[in-house]
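Participant: Contents are compact mmCIF, C-alpha atoms; file name query31.txt:
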```txt
# COMPACT_ATOMS: atom_id res chain seq x y z
CA MET V 1 17.17 -6.00 -15.06
CA LYS V 2 16.17 -9.48 -16.33
CA ARG V 3 19.65 -10.03 -17.79
CA ARG V 4 21.36 -9.06 -14.52
CA PHE V 5 19.05 -11.31 -12.51
CA SER V 6 19.67 -14.25 -14.90
CA LEU V 7 23.41 -13.80 -14.51
CA LEU V 8 22.99 -13.77 -10.73
CA LEU V 9 21.09 -17.07 -10.86
CA LEU V 10 23.85 -18.60 -13.01
CA VAL V 11 26.51 -17.60 -10.51
CA LEU V 12 24.50 -18.90 -7.56
CA ALA V 13 23.98 -22.20 -9.35
CA THR V 14 27.73 -22.78 -9.71
CA VAL V 15 29.13 -21.29 -6.51
CA ALA V 16 28.07 -22.30 -3.00
CA PRO V 17 26.67 -19.11 -1.42
CA THR V 18 27.56 -17.78 1.99
CA ALA V 19 24.90 -16.40 4.35
CA ASN V 20 25.90 -12.86 3.33
CA ASP V 21 25.55 -13.84 -0.34
CA VAL V 22 22.01 -15.08 0.28
CA ARG V 23 21.01 -11.89 2.05
CA ALA V 24 22.54 -9.71 -0.65
CA ALA V 25 20.85 -11.66 -3.42
CA ALA V 26 17.47 -11.43 -1.69
CA ALA V 27 17.81 -7.69 -1.31
CA ALA V 28 18.80 -7.25 -4.96
CA ALA V 29 16.19 -9.56 -6.50
CA PRO V 30 13.08 -7.86 -7.87
CA SER V 31 9.83 -8.66 -6.07
CA ALA V 32 6.98 -10.27 -7.99
CA MET V 33 5.15 -7.75 -10.17
CA ALA V 34 7.14 -4.92 -8.63
CA VAL V 35 7.32 -1.65 -10.52
CA SER V 36 10.69 -1.08 -12.12
CA VAL V 37 12.38 2.09 -10.92
CA GLU V 38 15.63 1.54 -12.75
CA SER V 39 16.00 5.18 -13.71
CA TRP V 40 14.57 6.76 -10.54
CA GLN V 41 13.62 9.65 -12.81
CA ARG V 42 11.27 11.14 -10.22
CA VAL V 43 9.86 10.18 -6.83
CA PRO V 44 8.07 6.83 -7.40
CA LEU V 45 4.51 7.91 -6.67
CA TYR V 46 1.61 5.72 -5.55
CA LEU V 47 -1.92 7.16 -5.38
CA HIS V 48 -4.75 5.69 -3.28
CA PHE V 49 -8.19 7.31 -3.34
CA ALA V 50 -11.87 7.10 -4.20
CA LYS V 51 -14.06 9.63 -5.98
CA ARG V 52 -17.51 8.49 -4.97
CA THR V 53 -20.13 11.02 -5.99
CA ALA V 54 -19.08 11.83 -9.56
CA ALA V 55 -17.10 10.40 -12.44
CA MET V 56 -13.49 11.44 -12.75
CA THR V 57 -12.88 14.35 -15.08
CA ASP V 58 -10.54 14.10 -18.06
CA GLU V 59 -8.14 16.41 -16.24
CA GLU V 60 -8.09 14.12 -13.20
CA ILE V 61 -7.49 11.07 -15.39
CA ASP V 62 -4.61 12.88 -17.09
CA PHE V 63 -3.09 13.84 -13.73
CA VAL V 64 -3.19 10.31 -12.30
CA ALA V 65 -1.99 8.69 -15.51
CA SER V 66 0.95 11.07 -15.86
CA HIS V 67 2.09 11.08 -12.21
CA ALA V 68 1.44 7.69 -10.59
CA ARG V 69 3.19 4.41 -11.23
CA VAL V 70 0.62 2.54 -9.13
CA VAL V 71 -2.90 3.60 -8.13
CA THR V 72 -5.43 1.89 -5.87
CA LEU V 73 -9.06 2.86 -6.40
CA GLU V 74 -10.72 2.68 -2.99
CA LYS V 75 -14.03 1.28 -1.82
CA SER V 76 -17.10 3.04 -3.26
CA HIS V 77 -15.07 4.60 -6.07
CA GLY V 78 -17.55 5.74 -8.72
CA VAL V 79 -20.44 4.12 -6.87
CA VAL V 80 -22.85 7.03 -7.48
CA PRO V 81 -22.35 7.55 -11.23
CA HIS V 82 -21.76 3.86 -12.03
CA GLY V 83 -23.93 2.03 -9.49
CA SER V 84 -21.28 -0.11 -7.82
CA THR V 85 -17.64 -0.10 -6.74
CA GLU V 86 -16.80 -2.75 -9.34
CA ALA V 87 -18.26 -0.70 -12.20
CA GLY V 88 -16.70 2.55 -10.97
CA ILE V 89 -13.22 1.05 -10.66
CA ALA V 90 -13.52 -0.69 -14.03
CA ASP V 91 -14.44 2.54 -15.82
CA THR V 92 -11.55 4.51 -14.30
CA ALA V 93 -9.11 1.65 -14.97
CA ARG V 94 -10.04 1.63 -18.67
CA ARG V 95 -9.62 5.38 -18.97
CA LEU V 96 -6.27 5.34 -17.16
CA LYS V 97 -4.97 2.53 -19.34
CA GLN V 98 -6.00 4.41 -22.48
CA ARG V 99 -3.99 7.39 -21.29
CA ASN V 100 -1.01 5.41 -19.93
CA PRO V 101 -0.88 1.65 -20.67
CA SER V 102 2.01 1.13 -18.24
CA ILE V 103 0.22 2.42 -15.11
CA LYS V 104 -0.68 -0.29 -12.56
CA VAL V 105 -4.30 -0.09 -11.34
CA LEU V 106 -5.33 -2.04 -8.22
CA PHE V 107 -8.80 -3.11 -7.13
CA TYR V 108 -9.69 -2.49 -3.47
CA LEU V 109 -11.44 -5.15 -1.42
CA ASN V 110 -11.34 -5.26 2.35
CA ALA V 111 -10.30 -8.63 3.73
CA PHE V 112 -11.88 -8.16 7.16
CA ILE V 113 -14.68 -5.57 6.87
CA ASN V 114 -17.78 -5.96 4.69
CA TRP V 115 -17.86 -2.42 3.36
CA PRO V 116 -21.00 -1.85 1.24
CA GLY V 117 -21.15 -0.61 -2.32
CA TYR V 118 -20.13 -3.81 -4.11
CA ASP V 119 -22.43 -5.78 -6.45
CA ALA V 120 -20.70 -8.91 -5.19
CA PHE V 121 -22.42 -8.67 -1.82
CA LYS V 122 -25.69 -9.67 -3.46
CA THR V 123 -24.34 -13.24 -3.24
CA TYR V 124 -22.78 -12.92 0.22
CA ARG V 125 -24.23 -15.37 2.78
CA PRO V 126 -25.08 -14.37 6.36
CA GLU V 127 -23.42 -17.51 7.73
CA TRP V 128 -20.07 -16.16 6.56
CA THR V 129 -20.23 -13.33 9.12
CA LEU V 130 -17.83 -13.60 12.06
CA ARG V 131 -19.56 -14.20 15.39
CA THR V 132 -18.66 -14.45 19.04
CA ALA V 133 -19.09 -17.66 20.99
CA GLY V 134 -22.46 -16.26 22.06
CA GLY V 135 -23.58 -15.81 18.45
CA GLU V 136 -23.28 -12.03 18.25
CA SER V 137 -22.00 -10.50 15.02
CA VAL V 138 -18.46 -9.10 15.30
CA LYS V 139 -18.35 -5.58 13.89
CA HIS V 140 -15.91 -2.87 12.95
CA PRO V 141 -16.23 0.25 15.19
CA SER V 142 -18.31 1.81 12.40
CA GLY V 143 -20.92 -0.91 12.94
CA THR V 144 -20.04 -2.73 9.71
CA PRO V 145 -19.96 -6.54 10.13
CA ARG V 146 -16.76 -8.51 9.75
CA PRO V 147 -16.55 -11.68 7.63
CA ASP V 148 -15.12 -14.95 8.89
CA PRO V 149 -12.06 -15.90 6.78
CA SER V 150 -11.79 -19.20 8.68
CA ASN V 151 -14.82 -20.29 6.62
CA ALA V 152 -13.57 -22.04 3.46
CA GLU V 153 -16.70 -21.13 1.47
CA PHE V 154 -16.18 -17.45 2.25
CA ARG V 155 -12.54 -17.66 1.14
CA GLU V 156 -13.59 -19.21 -2.16
CA TRP V 157 -16.26 -16.53 -2.69
CA TRP V 158 -13.95 -13.64 -1.78
CA SER V 159 -11.16 -14.82 -4.07
CA ASP V 160 -13.68 -15.41 -6.88
CA VAL V 161 -14.91 -11.82 -6.53
CA VAL V 162 -11.38 -10.54 -7.03
CA ALA V 163 -10.70 -12.85 -9.96
CA ALA V 164 -13.99 -11.92 -11.66
CA VAL V 165 -13.34 -8.17 -11.70
CA HIS V 166 -9.94 -8.81 -13.25
CA ARG V 167 -11.60 -10.68 -16.10
CA GLU V 168 -13.92 -7.74 -16.73
CA ALA V 169 -11.54 -4.80 -16.39
CA PRO V 170 -7.88 -3.98 -17.18
CA LEU V 171 -6.67 -4.33 -13.59
CA ASP V 172 -3.21 -5.25 -12.33
CA GLY V 173 -3.96 -6.63 -8.89
CA LEU V 174 -5.54 -6.20 -5.50
CA PHE V 175 -5.19 -3.99 -2.43
CA ALA V 176 -6.23 -6.16 0.53
CA ASP V 177 -7.07 -3.97 3.51
CA ALA V 178 -7.38 -4.38 7.30
CA LEU V 179 -5.07 -7.32 7.95
CA PRO V 180 -3.75 -5.72 11.19
CA GLN V 181 -7.30 -5.68 12.57
CA ALA V 182 -7.32 -9.48 12.43
CA LEU V 183 -3.83 -9.76 13.89
CA SER V 184 -4.59 -7.43 16.79
CA PRO V 185 -4.95 -8.96 20.28
CA ALA V 186 -8.34 -7.26 20.46
CA LEU V 187 -9.83 -9.93 18.20
CA ALA V 188 -8.97 -12.72 20.62
CA ARG V 189 -10.82 -10.84 23.36
CA GLN V 190 -13.93 -10.84 21.17
CA VAL V 191 -13.94 -14.36 19.75
CA GLY V 192 -11.42 -16.28 21.87
CA ALA V 193 -7.81 -17.18 21.14
CA THR V 194 -8.55 -20.36 19.18
CA LYS V 195 -11.02 -18.66 16.84
CA ALA V 196 -8.73 -15.67 16.38
CA ARG V 197 -5.90 -17.96 15.27
CA ALA V 198 -8.28 -19.68 12.84
CA VAL V 199 -9.25 -16.29 11.37
CA VAL V 200 -5.61 -15.34 10.80
CA HIS V 201 -4.87 -18.73 9.26
CA GLY V 202 -7.90 -18.29 7.03
CA LEU V 203 -6.71 -14.88 5.86
CA ARG V 204 -3.34 -16.35 4.91
CA GLU V 205 -5.06 -19.10 2.95
CA MET V 206 -7.46 -16.62 1.33
CA LEU V 207 -4.73 -14.33 0.02
CA ALA V 208 -2.64 -17.24 -1.25
CA LEU V 209 -5.73 -18.62 -3.01
CA THR V 210 -6.47 -15.21 -4.53
CA LYS V 211 -2.92 -14.90 -5.80
CA ARG V 212 -3.20 -18.29 -7.51
CA LYS V 213 -6.41 -17.18 -9.23
CA LEU V 214 -4.91 -13.86 -10.33
CA GLY V 215 -1.69 -15.43 -11.61
CA PRO V 216 1.94 -14.33 -11.36
CA ASN V 217 1.52 -11.22 -13.52
CA ARG V 218 -0.79 -9.46 -11.08
CA MET V 219 0.14 -8.16 -7.64
CA ILE V 220 -1.39 -8.21 -4.18
CA VAL V 221 -0.60 -5.32 -1.85
CA ALA V 222 -1.59 -5.79 1.79
CA ASN V 223 -2.20 -3.22 4.48
CA GLY V 224 0.01 -3.41 6.45
CA ILE V 225 2.86 -2.89 8.90
CA ARG V 226 3.10 -0.47 11.82
CA THR V 227 6.60 0.03 13.29
CA THR V 228 7.63 -3.49 14.39
CA ALA V 229 4.05 -4.78 14.60
CA TYR V 230 2.54 -7.13 12.02
CA ARG V 231 5.83 -7.79 10.24
CA GLU V 232 4.75 -11.41 10.03
CA ILE V 233 2.67 -10.36 7.00
CA LEU V 234 5.93 -10.21 5.07
CA ASP V 235 6.13 -14.01 5.30
CA TRP V 236 2.63 -14.65 3.96
CA LYS V 237 2.43 -16.35 0.59
CA GLY V 238 0.71 -14.49 -2.22
CA ILE V 239 1.59 -11.00 -1.01
CA ASP V 240 3.89 -8.98 -3.27
CA GLY V 241 3.93 -5.69 -1.36
CA VAL V 242 2.79 -4.05 1.86
CA MET V 243 1.67 -0.59 2.87
CA ILE V 244 3.08 1.18 5.92
CA GLU V 245 -0.04 3.27 6.38
CA HIS V 246 0.46 5.11 9.66
CA PHE V 247 3.96 6.44 9.04
CA GLY V 248 4.73 9.25 11.48
CA ALA V 249 1.05 9.62 12.37
CA PHE V 250 -1.82 8.19 14.45
CA GLY V 251 0.32 8.05 17.59
CA LEU V 252 3.26 6.37 15.86
CA ASP V 253 5.46 9.43 15.51
CA ALA V 254 8.20 8.73 18.10
CA PRO V 255 11.71 8.66 16.58
CA ALA V 256 12.02 4.94 17.36
CA ASP V 257 8.70 4.25 15.61
CA ILE V 258 9.78 6.14 12.51
CA LYS V 259 13.12 4.33 12.41
CA ALA V 260 11.37 0.96 12.78
CA ASP V 261 9.14 1.74 9.81
CA LEU V 262 12.14 2.69 7.70
CA ASP V 263 13.91 -0.50 8.75
CA SER V 264 10.84 -2.45 7.60
CA ILE V 265 11.46 -1.27 4.05
CA GLN V 266 14.85 -2.99 4.07
CA LEU V 267 13.40 -6.06 5.77
CA ALA V 268 10.65 -6.30 3.15
CA ALA V 269 13.17 -6.03 0.32
CA ALA V 270 15.19 -8.90 1.81
CA LYS V 271 12.02 -11.00 1.71
CA GLY V 272 11.23 -10.07 -1.89
CA LYS V 273 8.41 -7.62 -1.06
CA PHE V 274 8.04 -3.99 -1.97
CA VAL V 275 6.71 -1.27 0.35
CA VAL V 276 4.32 1.65 -0.06
CA LEU V 277 5.11 4.32 2.53
CA LYS V 278 2.04 6.46 3.31
CA GLY V 279 3.11 9.89 4.49
CA TRP V 280 0.90 12.43 6.29
CA PRO V 281 1.09 16.24 6.66
CA GLY V 282 0.51 16.28 10.43
CA PHE V 283 -3.28 16.14 10.16
CA ASN V 284 -5.85 13.78 8.64
CA TRP V 285 -9.47 13.63 7.56
CA LEU V 286 -10.61 12.56 11.05
CA ASP V 287 -9.56 15.92 12.52
CA ARG V 288 -12.90 17.72 12.44
CA GLU V 289 -11.49 21.11 13.32
CA MET V 290 -8.89 20.96 10.55
CA MET V 291 -11.47 19.77 8.05
CA GLN V 292 -13.36 23.03 8.56
CA ARG V 293 -10.57 24.83 6.72
CA THR V 294 -10.65 25.40 3.01
CA HIS V 295 -9.05 22.94 0.64
CA ALA V 296 -6.57 25.63 -0.39
CA ASP V 297 -5.46 26.12 3.24
CA LEU V 298 -5.02 22.39 3.81
CA LEU V 299 -3.11 21.96 0.59
CA GLN V 300 -0.76 24.80 1.48
CA LEU V 301 -0.01 23.14 4.84
CA ALA V 302 0.50 19.78 3.17
CA ARG V 303 2.95 21.30 0.70
CA GLU V 304 4.87 23.01 3.49
CA ARG V 305 5.17 19.76 5.48
CA ILE V 306 6.04 17.25 2.79
CA SER V 307 9.83 17.43 3.19
CA PHE V 308 10.13 15.30 6.32
CA PRO V 309 8.04 12.26 5.28
CA LEU V 310 9.43 12.39 1.75
CA ALA V 311 13.04 12.64 2.94
CA CYS V 312 12.46 9.70 5.29
CA PHE V 313 11.17 7.69 2.36
CA LEU V 314 14.12 8.64 0.17
CA VAL V 315 16.79 7.64 2.67
CA ALA V 316 15.18 4.20 3.08
CA ALA V 317 13.75 3.52 -0.39
CA ARG V 318 14.66 0.35 -2.26
CA PRO V 319 14.30 -0.03 -6.05
CA ASP V 320 10.61 -1.02 -5.87
CA SER V 321 9.47 1.27 -3.04
CA GLN V 322 6.54 3.65 -3.58
CA PHE V 323 5.64 6.93 -1.84
CA CYS V 324 2.09 8.08 -1.08
CA TYR V 325 1.11 11.41 0.48
CA SER V 326 -2.21 13.02 1.41
CA TRP V 327 -4.41 13.67 4.43
CA GLY V 328 -7.02 11.04 3.56
CA TYR V 329 -8.42 8.68 0.97
CA VAL V 330 -10.88 10.55 -1.20
CA ASP V 331 -10.25 12.87 -4.12
CA GLN V 332 -10.54 16.00 -1.95
CA HIS V 333 -7.85 14.92 0.54
CA GLY V 334 -4.84 16.10 -1.43
CA MET V 335 -4.19 12.98 -3.47
CA LEU V 336 -5.04 14.64 -6.79
CA ASP V 337 -3.08 17.83 -6.13
CA LEU V 338 0.32 18.82 -7.43
CA TYR V 339 3.39 18.88 -5.15
CA PRO V 340 6.51 20.49 -6.64
CA GLU V 341 8.74 17.78 -5.17
CA PHE V 342 7.14 15.23 -7.48
CA GLU V 343 8.14 17.24 -10.55
CA HIS V 344 11.87 17.38 -9.81
CA ALA V 345 14.36 15.04 -11.45
CA LEU V 346 15.64 12.63 -8.78
CA GLY V 347 18.00 10.18 -10.44
CA SER V 348 19.43 6.96 -9.10
CA PRO V 349 20.85 6.77 -5.56
CA LYS V 350 24.62 6.82 -5.47
CA ALA V 351 24.65 4.49 -2.45
CA ASP V 352 22.59 3.44 0.54
CA ALA V 353 21.94 6.00 3.25
CA ILE V 354 24.62 6.72 5.84
CA TRP V 355 23.12 6.50 9.32
CA ARG V 356 24.59 8.10 12.45
CA GLY V 357 22.23 7.31 15.27
CA LEU V 358 18.88 8.80 14.29
CA THR V 359 20.27 11.01 11.50
CA ALA V 360 20.83 9.92 7.92
CA THR V 361 22.06 11.29 4.62
CA ARG V 362 21.77 9.93 1.11
CA GLU V 363 22.91 11.16 -2.28
CA PHE V 364 20.94 10.80 -5.49
CA ALA V 365 22.02 11.86 -8.96
CA HIS V 366 19.96 15.04 -8.69
CA ALA V 367 19.26 15.46 -4.97
CA SER V 368 20.94 15.41 -1.56
CA VAL V 369 18.76 14.20 1.31
CA SER V 370 19.21 14.46 5.07
CA VAL V 371 16.91 13.63 7.98
CA ASP V 372 17.03 13.98 11.75
CA LEU V 373 14.42 11.70 13.27
CA GLN V 374 14.91 13.07 16.78
CA ARG V 375 14.21 16.66 15.73
CA LYS V 376 11.81 15.64 12.94
CA GLU V 377 13.74 17.84 10.56
CA ALA V 378 14.71 17.13 6.97
CA ARG V 379 16.26 18.75 3.96
CA ILE V 380 16.12 17.87 0.27
CA ASP V 381 18.45 19.83 -1.97
CA TRP V 382 17.42 19.41 -5.59
CA HIS V 383 20.47 19.90 -7.82
```
Show how you would write the structure in this file as structure tokens.
Facilitator:
Amino acid sequence: MKRRFSLLLLVLATVAPTANDVRAAAAAAPSAMAVSVESWQRVPLYLHFAKRTAAMTDEEIDFVASHARVVTLEKSHGVVPHGSTEAGIADTARRLKQRNPSIKVLFYLNAFINWPGYDAFKTYRPEWTLRTAGGESVKHPSGTPRPDPSNAEFREWWSDVVAAVHREAPLDGLFADALPQALSPALARQVGATKARAVVHGLREMLALTKRKLGPNRMIVANGIRTTAYREILDWKGIDGVMIEHFGAFGLDAPADIKADLDSIQLAAAKGKFVVLKGWPGFNWLDREMMQRTHADLLQLARERISFPLACFLVAARPDSQFCYSWGYVDQHGMLDLYPEFEHALGSPKADAIWRGLTATREFAHASVSVDLQRKEARIDWH
């Protein structure tokens, strides 16, 4: 890959590029710290979870290390057995790296919600909390306070927290959560338009600062994009990849919404970013009635419903794209379970997908994929 990219740079240095040449080169160039998927041996799998009340078992470590290319360890991971999120993530990262040195392990820190469970908050200052013009603390719907990224001291502290954990543990980067909550018009209604713009500007500065402290060999993945909303994140400096978290779920399941999300994968690639597509089985952990069912029942449903989100991912995937699938974000939400589709040989795509309206087909070395977004039907034929 490096040799091909070097040759491309040599050609571009000696031949004046056309606009089409520039777009093609941007789409082909690897994103910073992206995961190489040159062989496309299997579905490029990304895992994102926390196990909060107990340490991970050896069997769970083996599963993650042998299946995922990238894993984010969520807030409060290992907080009960290890005493803090930092310590819990560090322990799991060491064990994963011992099992598979090439796996990429990301540290989770929310950029706009002060979730508890971190040792770092012992040095957090109350004056860094976001407030309305009347002095009231701005909170997440859960009641958790929000920080104020427009405050330069907070930005320095937050980026130092991220840098410090990377000095102590074998981590490969950061998952920065909740950016859309700062970009939402709802924030301006709470703090005023001028302050809301300052918060967004502060977030951009904070992530760029964090990237400088982490260095070029570690990645920052940001959450995220929803259909055509929040695509501006793709232009932020310091961000290497984005998550499309609500794919086909949370009220964003119209055919046009699904197509927009798939188009965002191509758009991200043209801007040098990679995408994690988070698929859902038609239910999630917030559905109280569904959560009364046994884990075995939920897993069976999830296995039966994986074809559509996975096929959508495959028709749109670029070389650095990652697929994630579960009904939530803890170890019991299907993230540490086996899906037969992840065991099949996939092979490289023979070409980009062929789209006809809202239907698409794509051929891989070992699979034929078709989707119909209008009917929400899909088929993957494994050769």
Participant: For the contact check between stretch 109-177 of chain V and stretch 183-204 of chain V, emit one row per residue of stretch 109-177 of chain V within 6 Å, containing the shortest atom pair and the distance in Å rounded to one decimal, counting only C-alpha atoms, chain then rising number order, as JSON lines.
Facilitator:
```
{"residue": "V:Thr132", "atom": "CA", "partner": "V:Val191", "partner_atom": "CA", "distance": 4.8}
{"residue": "V:Pro149", "atom": "CA", "partner": "V:Gly202", "partner_atom": "CA", "distance": 4.8}
{"residue": "V:Ser150", "atom": "CA", "partner": "V:Gly202", "partner_atom": "CA", "distance": 4.3}
```
Participant: Suppose you want the space between atom CA of V:Ala229 and atom CA of V:Val162; what is it in Å?
Facilitator: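 It comes out at 27.2 Å.
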Participant: Name the closest residue to V:Asn100 among the candidates V:Ala311, V:Ile113, V:Ile61, V:Val275; distances are taken between atoms, counting only C-alpha atoms.
Facilitator: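 Among the listed residues, the smallest separation from V:Asn100 belongs to V:Ile61.
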Participant: Which distance in Å separates atom CA of V:Arg379 and atom CA of V:Arg362, to one decimal?
Facilitator: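 Value for the atom CA of V:Arg379-atom CA of V:Arg362 distance: 10.8 Å.
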Participant: What lies within 7 Å of stretch 302-305 of chain V using only C-alpha atoms, ignoring chain neighbours under 4 positions off, as a list in words?
Facilitator: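 In the requested format, the answer is Pro281, Leu298 and Tyr339 of chain V.
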Participant: Quick one: of V:Ser76, V:Val138, V:Glu59, V:Trp157, who's nearest to V:Lys122, counting all atoms listed in the file?
Facilitator: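 Of V:Ser76, V:Val138, V:Glu59, V:Trp157, the one nearest V:Lys122 is V:Trp157, counting all atoms listed in the file.
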Participant: May I have the residues within 9 Å of V:Gln41 as a VMD selection string, using all atoms listed in the file and disregarding those fewer than 6 positions away in the same chain?
Facilitator: chain V and resid 344 to 348
Participant: Do you have the atom CA of V:Asp257-atom CA of V:Phe274 distance handy?
Facilitator: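 Those two atoms sit 19.4 Å apart.
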Participant: Can you tell me which residues surround V:Lys278 at a distance of at most 10 Å, considering all atoms listed in the file, apart from same-chain residues fewer than 4 positions away, and format the answer as number ranges by chain?
Facilitator: V: 46-48, 243-249, 309-310, 313, 322-327
Participant: Given only C-alpha atoms as the basis, pick out the residue of V:Gly215, V:Gly224, V:Pro180, V:Gly357 nearest to V:Lys259.
Facilitator: V:Gly357
Participant: My list of candidates is V:Ser142, V:Gln98, V:Thr210, V:Ser368. Which is closest to V:Ala163 when distances are computed with only C-alpha atoms?
Facilitator: V:Thr210
Participant: Find, counting only C-alpha atoms, the residue in V:Ile233, V:Ile220, V:Ala90, V:Leu336 that gets nearest to V:Ala68.
Facilitator: V:Leu336
Participant: Return the single residue from V:Ala256, V:Leu314, V:Val71, V:Ala269 that is closest to V:Ala367, with distances computed using all atoms listed in the file.
Facilitator: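 Nearest to V:Ala367: V:Leu314.
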Participant: Would you mind listing what lies within 9 Å of V:Lys104 as a ChimeraX atom specification, with all atoms listed in the file counted and same-chain residues fewer than 6 positions away left out?
Facilitator: /V:35,68-72,93,97,171-173
Participant: Give the centre and edge lengths of an axis-aligned box, in Å to one decimal, that holds all listed atoms of stretch 138-148 of chain V with 6 Å on each side, as JSON.
Facilitator:
```
{"center_x": -18.0, "center_y": -6.6, "center_z": 11.5, "size_x": 17.8, "size_y": 28.8, "size_z": 19.7}
```
Participant: Might you pull out every residue within 12 Å of V:Asp58, with only C-alpha atoms counted and same-chain residues fewer than 5 positions away left off, and present them as a PyMOL selection string?
Facilitator: chain V and resi 63-65+92+95-96+98-99
Participant: Write the selection just made, keeping C-alpha atoms, as a short mmCIF file (atom, residue, chain, number, x, y, z; two decimals), in the frame of the given file?
Facilitator:
```
data_model
loop_
_atom_site.label_atom_id
_atom_site.label_comp_id
_atom_site.auth_asym_id
_atom_site.auth_seq_id
_atom_site.Cartn_x
_atom_site.Cartn_y
_atom_site.Cartn_z
CA PHE V 63 -3.09 13.84 -13.73
CA VAL V 64 -3.19 10.31 -12.30
CA ALA V 65 -1.99 8.69 -15.51
CA THR V 92 -11.55 4.51 -14.30
CA ARG V 95 -9.62 5.38 -18.97
CA LEU V 96 -6.27 5.34 -17.16
CA GLN V 98 -6.00 4.41 -22.48
CA ARG V 99 -3.99 7.39 -21.29
#
```
Participant: Taking the point (3.9, 2.0, 12.0) as given in the file, collect each protein or nucleic acid residue that comes within 6 Å of it, counting all atoms listed in the file, and present the set as a list in words.
Facilitator: Ile225, Arg226, Thr227, His246, Phe247, Leu252 and Asp261 of chain V
Participant: Could N, CA and C atoms be built for stretch 192-209 of chain V and written out as a tab-separated table (two decimals), in the frame of the given file?
Facilitator:
```tsv
chain	number	residue	atom	x	y	z
V	192	GLY	N	-12.22	-15.23	21.25
V	192	GLY	CA	-11.42	-16.28	21.87
V	192	GLY	C	-10.15	-16.54	21.07
V	193	ALA	N	-9.12	-17.02	21.76
V	193	ALA	CA	-7.81	-17.18	21.14
V	193	ALA	C	-7.82	-18.21	20.01
V	194	THR	N	-8.53	-19.31	20.20
V	194	THR	CA	-8.55	-20.36	19.18
V	194	THR	C	-9.20	-19.86	17.90
V	195	LYS	N	-10.33	-19.19	18.02
V	195	LYS	CA	-11.02	-18.66	16.84
V	195	LYS	C	-10.20	-17.58	16.17
V	196	ALA	N	-9.56	-16.73	16.96
V	196	ALA	CA	-8.73	-15.67	16.38
V	196	ALA	C	-7.60	-16.25	15.55
V	197	ARG	N	-6.97	-17.31	16.05
V	197	ARG	CA	-5.90	-17.96	15.27
V	197	ARG	C	-6.46	-18.55	13.97
V	198	ALA	N	-7.67	-19.10	14.04
V	198	ALA	CA	-8.28	-19.68	12.84
V	198	ALA	C	-8.58	-18.58	11.81
V	199	VAL	N	-8.99	-17.42	12.28
V	199	VAL	CA	-9.25	-16.29	11.37
V	199	VAL	C	-7.98	-15.87	10.66
V	200	VAL	N	-6.88	-15.74	11.40
V	200	VAL	CA	-5.61	-15.34	10.80
V	200	VAL	C	-5.14	-16.40	9.80
V	201	HIS	N	-5.24	-17.66	10.19
V	201	HIS	CA	-4.87	-18.73	9.26
V	201	HIS	C	-5.73	-18.67	8.00
V	202	GLY	N	-7.01	-18.40	8.18
V	202	GLY	CA	-7.90	-18.29	7.03
V	202	GLY	C	-7.54	-17.14	6.11
V	203	LEU	N	-7.14	-16.01	6.68
V	203	LEU	CA	-6.71	-14.88	5.86
V	203	LEU	C	-5.48	-15.24	5.03
V	204	ARG	N	-4.53	-15.93	5.65
V	204	ARG	CA	-3.34	-16.35	4.91
V	204	ARG	C	-3.73	-17.25	3.75
V	205	GLU	N	-4.62	-18.20	4.00
V	205	GLU	CA	-5.06	-19.10	2.95
V	205	GLU	C	-5.82	-18.34	1.86
V	206	MET	N	-6.62	-17.37	2.27
V	206	MET	CA	-7.46	-16.62	1.33
V	206	MET	C	-6.61	-15.79	0.36
V	207	LEU	N	-5.58	-15.15	0.88
V	207	LEU	CA	-4.73	-14.33	0.02
V	207	LEU	C	-3.88	-15.20	-0.90
V	208	ALA	N	-3.40	-16.33	-0.40
V	208	ALA	CA	-2.64	-17.24	-1.25
V	208	ALA	C	-3.53	-17.79	-2.36
V	209	LEU	N	-4.78	-18.13	-2.02
V	209	LEU	CA	-5.73	-18.62	-3.01
V	209	LEU	C	-6.02	-17.54	-4.05
```
